[in-house]
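Reading through the structure tokens given below for one structure.
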Amino acid sequence: MKRLLHILLSLLLYTGMVQAQGDPLVEALRKYQAGALLEAKGLIDQAVVGADHGSNAEAWLLRGFIYKDAYKNATDTTEADTLRATAINSLRQCMALDTVGTYKENATQAYDYLAKSYFNDAAKALTAMNDVRAQAVFASYKEAALVLDPKADLRTREVEFTNALGTVYTKRFSATRADTSMFDKAVGAYEHVLSLDPENYGANYNLATLYYNRGVFKIRRIDAEDEIPTILQVQEASRGDFLLALPYMLKAHDMNPTRRETLLGLEGIYYSLQDQESSEKFRRLFEEIAPEEHR
Amino acid sequence: MTVTRSLRILLVAPFFLFAAVPQQPREADKDTTAMLQANYLYNIAKLVEWKDAEMRNGNFVIGVLGSANLYQELIKQYSTRTIGKQPIEVRKLPHSAEVERCHMLFVGRSDLSLLPEIYKRMSGKPTLVVTEYAGALEDGAVVNFVRVDNLLKYEMSLANAQKHGLVVGLTLKNLAHRVEE
């Protein structure tokens with residue numbers, strides 16, 4: 001930060017670009033140095049819309065820094081989002097105007113910090129089970145990250161995020177099982193992960209478990225007074241779920257054959273598919289692996 | 001032998017980490033076969049008539065040999081119900097062929113070794129023996145659970161039913177996967 005201020009001051013005071021006392025850019029810098037962010041914001045906003053500094057990379061850099069610091073101090077989420085968006089846009093403008101790369105390092109560093117803050121906020125939103133905000137913030141993260149590096153491979157981040165999103169949907173669905181749209185969203189999330197990374201263990205296992213649990217739930221929901229034709233109908237519906245679960249659990253097992261949870265998963269799926277031979281095979285494998293060997 | 005059947009979605013740790021699934025004892029609420037068998041037993045009980053007048057009084061006793069989860073399921077879902085006017089009583093029987101008098105007796109796979117003696121002791125008595133192994137009807141079972149196309153169904157022997165003084169309703173017969181006359 002000191003280095004940045006030094007550069008800015010040097011430029012402002014010695015290049016002769018700006019000499020007039022009361023120039024909003026100079027004043028904004030002074031206020032920023034003094035920690036008066038609110039006043040600095042007003043002055044820098046005034047500066048960048050003026051003819052003198054509208055195309056001035058330094059002005060946009062300073063604006064990016066002022067808004068970044070204001071974002072960090074903000075306690076209200078909506079306000080913080082607005083401040084961060086302004087900071088990001090200002091830094092982007094700085095980088096566009098800074099054709100020789102004088103401020104590249106400073107601008108990039110600040111921009112990268114803000115871009116990563118989107119990802120962290122997406123994680124926080126998921127922890128709070130707020131899937132709508134999580135998706136919005138994650139979209140901002142992707143957009144911001146791609147501006148910095150248009151060839152960036154964000155698949156790993158997207159896989160992490162979407163797996164976690166799937167888990168949020170699953171938890172919300174499992175809470176009451178009333179909102180089946182949450183089930184569909186969970187399936188959609190895990191399928192999206194697998195479209196990006198077919199070898200993703202978590203998505204395969206979770207998708208299998210999701211279908212398996214639904215099949216079990218249907219059977220558990222059979223009422224005592226339901227008659228035999230109903231039992232058969234419910235079984236047929238559950239069989240569909242168990243058959244959907246099977247390939248995903250087999251895939252997870254292939255990826256990690258000594259993982260006890262998938263052995264148990266396969267044992268359960270085959271058991272519910274009334275395939276005792278296969279169920280017992282996986283039960284034996286499960287029992288052969290001691291818990292401490294669990295990888 | 002207890003085996004965990006509970007599957008858990010991998011939980012998200014504070015930051016997108018996959019948590020390992022802890023080992024847990026087998027949960028009855030994941031034992032789909034036990035749930036289905038319990039429902040079948042209740043329906044079968046409703047669709048069979050016991051000719052022996054003594055069996056039409058007192059509690060309707062369902063004895064369970066070998067399947068703890070089926071016993072639990074019957075207790076949970078059906079022990080407060082009745083067959084006709086007879087309250088259902090579910091009994092978990094000890095591993096022995098000396099079976100008490102009951103209307104229905106389910107013998108699980110873990111107790112197959114007891115069956116020859118059980119068939120002998122139950123010969124001519126008004127007990128509906130239910131099993132779950134291939135060839136059970138030939139051995140003397142009245143109802144046997146079978147696995148067909150990934151579904152749990154039942155087959156039955158009318159001849160064996162008759163030997164135990166049981167009258168099988170038409171519905172039960174029609175819905176069976178296979179009927180031995």
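Residues are referred to by chain and number: the chain letter is A, B, ... according to the order shown in the structure tokens, the number counts from 1 in that chain, and ligands are numbered separately from 1 in the order shown.
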Exercise. What's the 9 Å shell around stretch 97-108 of chain A, counting only C-alpha atoms, without same-chain residues fewer than 2 positions away, as a list in words?
Worked result: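 Everything that qualifies: Met1, Leu4, Ser55, Asn56, Ala57, Glu58, Trp60, Leu61, Gly64, Phe65, Leu91, Arg92, Gln93, Cys94, Met95, Ala110, Tyr111, Asp112, Tyr113 and Leu148 of chain A.
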How about saving the chosen residues, C-alpha atoms kept, as a PDB file, in the first residue's frame?
ATOM      1  CA  MET A   1       0.000   0.000   0.000  1.00  0.00           C
ATOM      2  CA  LEU A   4       1.218   2.417  -4.212  1.00  0.00           C
ATOM      3  CA  SER A  55      -9.089   8.424 -18.686  1.00  0.00           C
ATOM      4  CA  ASN A  56      -6.518   8.472 -15.939  1.00  0.00           C
ATOM      5  CA  ALA A  57      -5.460   4.972 -14.890  1.00  0.00           C
ATOM      6  CA  GLU A  58      -4.122   6.290 -11.568  1.00  0.00           C
ATOM      7  CA  TRP A  60      -9.234   4.471 -11.364  1.00  0.00           C
ATOM      8  CA  LEU A  61      -6.606   2.588  -9.389  1.00  0.00           C
ATOM      9  CA  GLY A  64     -10.389   0.694  -6.748  1.00  0.00           C
ATOM     10  CA  PHE A  65      -8.353   0.885  -3.553  1.00  0.00           C
ATOM     11  CA  LEU A  91      -9.640  -1.806 -11.103  1.00  0.00           C
ATOM     12  CA  ARG A  92     -10.786  -3.285 -14.378  1.00  0.00           C
ATOM     13  CA  GLN A  93     -10.984   0.215 -15.838  1.00  0.00           C
ATOM     14  CA  CYS A  94      -7.500   0.972 -14.506  1.00  0.00           C
ATOM     15  CA  MET A  95      -6.073  -2.123 -16.174  1.00  0.00           C
ATOM     16  CA  ALA A 110      -6.182  -5.909  -5.424  1.00  0.00           C
ATOM     17  CA  TYR A 111      -8.390  -7.375  -8.139  1.00  0.00           C
ATOM     18  CA  ASP A 112      -7.300 -10.906  -7.289  1.00  0.00           C
ATOM     19  CA  TYR A 113      -8.086 -10.323  -3.633  1.00  0.00           C
ATOM     20  CA  LEU A 148      -7.984 -11.434 -14.958  1.00  0.00           C
TER      21      LEU A 148
END
Distance query B:Leu170 at most 12 Å, only C-alpha atoms, self and fewer than 4 positions along chain excluded, as an NGL selection string:
:B and (44 or 46-49 or 158 or 174-176 or 179)
Set out as a Markdown table a contact list for chain A and chain B with a cut-off of 8 Å, giving each residue of chain A that qualifies its closest atom pair and distance in Å to one decimal, counting only C-alpha atoms, ordered by chain and rising residue number.
| residue | atom | partner | partner_atom | distance |
| --- | --- | --- | --- | --- |
| A:Ala123 | CA | B:Phe15 | CA | 6.4 |
| A:Thr127 | CA | B:Pro14 | CA | 6.5 |
| A:Glu160 | CA | B:Phe16 | CA | 6.2 |
| A:Phe161 | CA | B:Phe16 | CA | 7.1 |
| A:Asn163 | CA | B:Phe16 | CA | 7.8 |
| A:Ala164 | CA | B:Phe16 | CA | 5.8 |
| A:Thr167 | CA | B:Leu11 | CA | 6.6 |
| A:Thr170 | CA | B:Ile9 | CA | 7.7 |
| A:Gly202 | CA | B:Leu10 | CA | 7.2 |
| A:Tyr205 | CA | B:Ile9 | CA | 7.8 |
| A:Asn206 | CA | B:Ile9 | CA | 5.4 |
| A:Thr209 | CA | B:Leu7 | CA | 6.1 |
| A:Leu210 | CA | B:Ile9 | CA | 7.2 |
| A:Asn213 | CA | B:Leu7 | CA | 7.4 |
| A:Val216 | CA | B:Thr32 | CA | 6.4 |
| A:Ile219 | CA | B:Thr32 | CA | 6.5 |
| A:Arg220 | CA | B:Met35 | CA | 6.7 |
| A:Ala224 | CA | B:Gln77 | CA | 6.4 |
| A:Asp226 | CA | B:Asn39 | CA | 7.9 |
| A:Glu227 | CA | B:Asn43 | CA | 6.5 |
| A:Ile228 | CA | B:Tyr40 | CA | 6.8 |
| A:Pro229 | CA | B:Leu175 | CA | 7.6 |
| A:Ile231 | CA | B:Leu36 | CA | 7.3 |
| A:Leu232 | CA | B:Leu151 | CA | 7.8 |
| A:Gln235 | CA | B:Leu151 | CA | 6.4 |
| A:Glu236 | CA | B:Leu151 | CA | 7.2 |
| A:Arg239 | CA | B:Asn150 | CA | 6.9 |
| A:Glu261 | CA | B:Val21 | CA | 6.5 |
| A:Leu264 | CA | B:Arg5 | CA | 6.4 |
| A:Gly265 | CA | B:Leu7 | CA | 6.2 |
| A:Glu267 | CA | B:Arg5 | CA | 7.6 |
| A:Gly268 | CA | B:Arg5 | CA | 5.5 |
| A:Tyr271 | CA | B:Thr33 | CA | 7.8 |
| A:Ser272 | CA | B:Thr32 | CA | 6.0 |
| A:Leu273 | CA | B:Asn150 | CA | 4.6 |
| A:Gln274 | CA | B:Asn150 | CA | 5.1 |
| A:Asp275 | CA | B:Asn150 | CA | 6.7 |
| A:Arg283 | CA | B:Val3 | CA | 7.4 |
Top pick for closest residue to B:Ala34, considering B:Glu132, B:Ser113, B:Met122, B:Arg91 and counting only C-alpha atoms: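 Ranking B:Glu132, B:Ser113, B:Met122, B:Arg91 by distance to B:Ala34, first place goes to B:Glu132.
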Subject >> Distance query B:Thr131 at most 6 Å, only C-alpha atoms, self and fewer than 2 positions along chain excluded, as a list of chain:residue names >> reply: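 Residues meeting the cut-off are B:Phe106, B:Val107, B:Asn144.
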Keeping C-alpha atoms, export the residues of the selection given above as a PDB file, in the first residue's frame.
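Ended up saving to selection.pdb:
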ATOM      1  CA  PHE B 106     -41.688 -66.528   9.944  1.00  0.00           C
ATOM      2  CA  VAL B 107     -38.378 -68.353   9.751  1.00  0.00           C
ATOM      3  CA  ASN B 144     -42.304 -68.376   0.708  1.00  0.00           C
TER       4      ASN B 144
END
Q: Please report, as a VMD selection string, each residue of stretch 88-177 of chain B to which DSSP assigns strand (DSSP E) when run on this structure's backbone.
A: chain B and resid 88 to 92 104 to 107 128 to 131 143 to 148 151 to 157 166 to 168
Helix (DSSP H, G or I) per DSSP on the backbone: members of stretch 60-138 of chain B, as an mmCIF file with N, CA and C atoms, in the first residue's frame:
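Final output, result_15.cif:
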data_model
loop_
_atom_site.group_PDB
_atom_site.id
_atom_site.type_symbol
_atom_site.label_atom_id
_atom_site.label_comp_id
_atom_site.auth_asym_id
_atom_site.auth_seq_id
_atom_site.Cartn_x
_atom_site.Cartn_y
_atom_site.Cartn_z
ATOM 1 N N ALA B 68 -34.277 -59.803 13.182
ATOM 2 C CA ALA B 68 -34.517 -58.769 14.203
ATOM 3 C C ALA B 68 -35.215 -57.555 13.602
ATOM 4 N N ASN B 69 -34.815 -57.217 12.376
ATOM 5 C CA ASN B 69 -35.423 -56.026 11.769
ATOM 6 C C ASN B 69 -36.881 -56.255 11.392
ATOM 7 N N LEU B 70 -37.200 -57.471 10.961
ATOM 8 C CA LEU B 70 -38.599 -57.774 10.659
ATOM 9 C C LEU B 70 -39.417 -57.703 11.946
ATOM 10 N N TYR B 71 -38.878 -58.258 12.992
ATOM 11 C CA TYR B 71 -39.571 -58.199 14.294
ATOM 12 C C TYR B 71 -39.839 -56.744 14.691
ATOM 13 N N GLN B 72 -38.805 -55.940 14.580
ATOM 14 C CA GLN B 72 -38.946 -54.513 14.936
ATOM 15 C C GLN B 72 -39.986 -53.819 14.076
ATOM 16 N N GLU B 73 -39.954 -54.142 12.798
ATOM 17 C CA GLU B 73 -40.892 -53.518 11.859
ATOM 18 C C GLU B 73 -42.330 -53.922 12.198
ATOM 19 N N LEU B 74 -42.514 -55.191 12.510
ATOM 20 C CA LEU B 74 -43.859 -55.660 12.875
ATOM 21 C C LEU B 74 -44.336 -54.980 14.154
ATOM 22 N N ILE B 75 -43.437 -54.869 15.112
ATOM 23 C CA ILE B 75 -43.785 -54.203 16.375
ATOM 24 C C ILE B 75 -44.171 -52.750 16.101
ATOM 25 N N LYS B 76 -43.311 -52.088 15.304
ATOM 26 C CA LYS B 76 -43.497 -50.653 15.060
ATOM 27 C C LYS B 76 -44.793 -50.348 14.297
ATOM 28 N N GLN B 77 -45.032 -51.144 13.253
ATOM 29 C CA GLN B 77 -46.141 -50.794 12.350
ATOM 30 C C GLN B 77 -47.445 -51.545 12.629
ATOM 31 N N TYR B 78 -47.337 -52.736 13.181
ATOM 32 C CA TYR B 78 -48.538 -53.585 13.190
ATOM 33 C C TYR B 78 -48.977 -54.074 14.574
ATOM 34 N N ARG B 109 -33.586 -66.610 7.061
ATOM 35 C CA ARG B 109 -32.485 -67.391 6.481
ATOM 36 C C ARG B 109 -31.463 -67.839 7.519
ATOM 37 N N SER B 110 -31.320 -67.051 8.557
ATOM 38 C CA SER B 110 -30.317 -67.401 9.562
ATOM 39 C C SER B 110 -30.732 -68.611 10.391
ATOM 40 N N ASP B 111 -31.988 -68.993 10.291
ATOM 41 C CA ASP B 111 -32.468 -70.121 11.095
ATOM 42 C C ASP B 111 -32.931 -71.302 10.243
ATOM 43 N N LEU B 112 -32.388 -71.356 9.042
ATOM 44 C CA LEU B 112 -32.791 -72.429 8.128
ATOM 45 C C LEU B 112 -32.551 -73.812 8.713
ATOM 46 N N SER B 113 -31.495 -73.919 9.487
ATOM 47 C CA SER B 113 -31.146 -75.249 10.021
ATOM 48 C C SER B 113 -32.237 -75.811 10.935
ATOM 49 N N LEU B 114 -33.062 -74.926 11.455
ATOM 50 C CA LEU B 114 -34.126 -75.390 12.366
ATOM 51 C C LEU B 114 -35.344 -75.914 11.613
ATOM 52 N N LEU B 115 -35.414 -75.586 10.328
ATOM 53 C CA LEU B 115 -36.666 -75.834 9.606
ATOM 54 C C LEU B 115 -37.104 -77.297 9.525
ATOM 55 N N PRO B 116 -36.186 -78.220 9.259
ATOM 56 C CA PRO B 116 -36.674 -79.617 9.192
ATOM 57 C C PRO B 116 -37.433 -80.015 10.464
ATOM 58 N N GLU B 117 -36.889 -79.643 11.595
ATOM 59 C CA GLU B 117 -37.539 -79.981 12.873
ATOM 60 C C GLU B 117 -38.837 -79.190 13.046
ATOM 61 N N ILE B 118 -38.802 -77.942 12.605
ATOM 62 C CA ILE B 118 -40.010 -77.109 12.730
ATOM 63 C C ILE B 118 -41.143 -77.676 11.880
ATOM 64 N N TYR B 119 -40.813 -78.060 10.643
ATOM 65 C CA TYR B 119 -41.850 -78.641 9.769
ATOM 66 C C TYR B 119 -42.459 -79.876 10.441
ATOM 67 N N LYS B 120 -41.585 -80.655 11.067
ATOM 68 C CA LYS B 120 -42.059 -81.887 11.700
ATOM 69 C C LYS B 120 -43.007 -81.554 12.858
ATOM 70 N N ARG B 121 -42.572 -80.615 13.683
ATOM 71 C CA ARG B 121 -43.374 -80.254 14.855
ATOM 72 C C ARG B 121 -44.681 -79.548 14.481
ATOM 73 N N MET B 122 -44.637 -78.818 13.377
ATOM 74 C CA MET B 122 -45.818 -78.044 12.971
ATOM 75 C C MET B 122 -46.783 -78.860 12.108
ATOM 76 N N ALA B 136 -38.768 -74.027 -0.669
ATOM 77 C CA ALA B 136 -39.453 -74.092 0.629
ATOM 78 C C ALA B 136 -40.841 -74.730 0.530
ATOM 79 N N LEU B 137 -41.531 -74.477 -0.575
ATOM 80 C CA LEU B 137 -42.888 -75.031 -0.680
ATOM 81 C C LEU B 137 -42.845 -76.556 -0.728
ATOM 82 N N GLU B 138 -41.815 -77.060 -1.383
ATOM 83 C CA GLU B 138 -41.673 -78.516 -1.465
ATOM 84 C C GLU B 138 -41.385 -79.100 -0.081
#
| task | Find the residues around B:Leu128 up to 7 Å (only C-alpha atoms counted), leave out those fewer than 2 positions away in its own chain, and share them as a list of chain:residue names. | result | B:His103, B:Met104, B:Leu105, B:Pro126, B:Val130, B:Val142
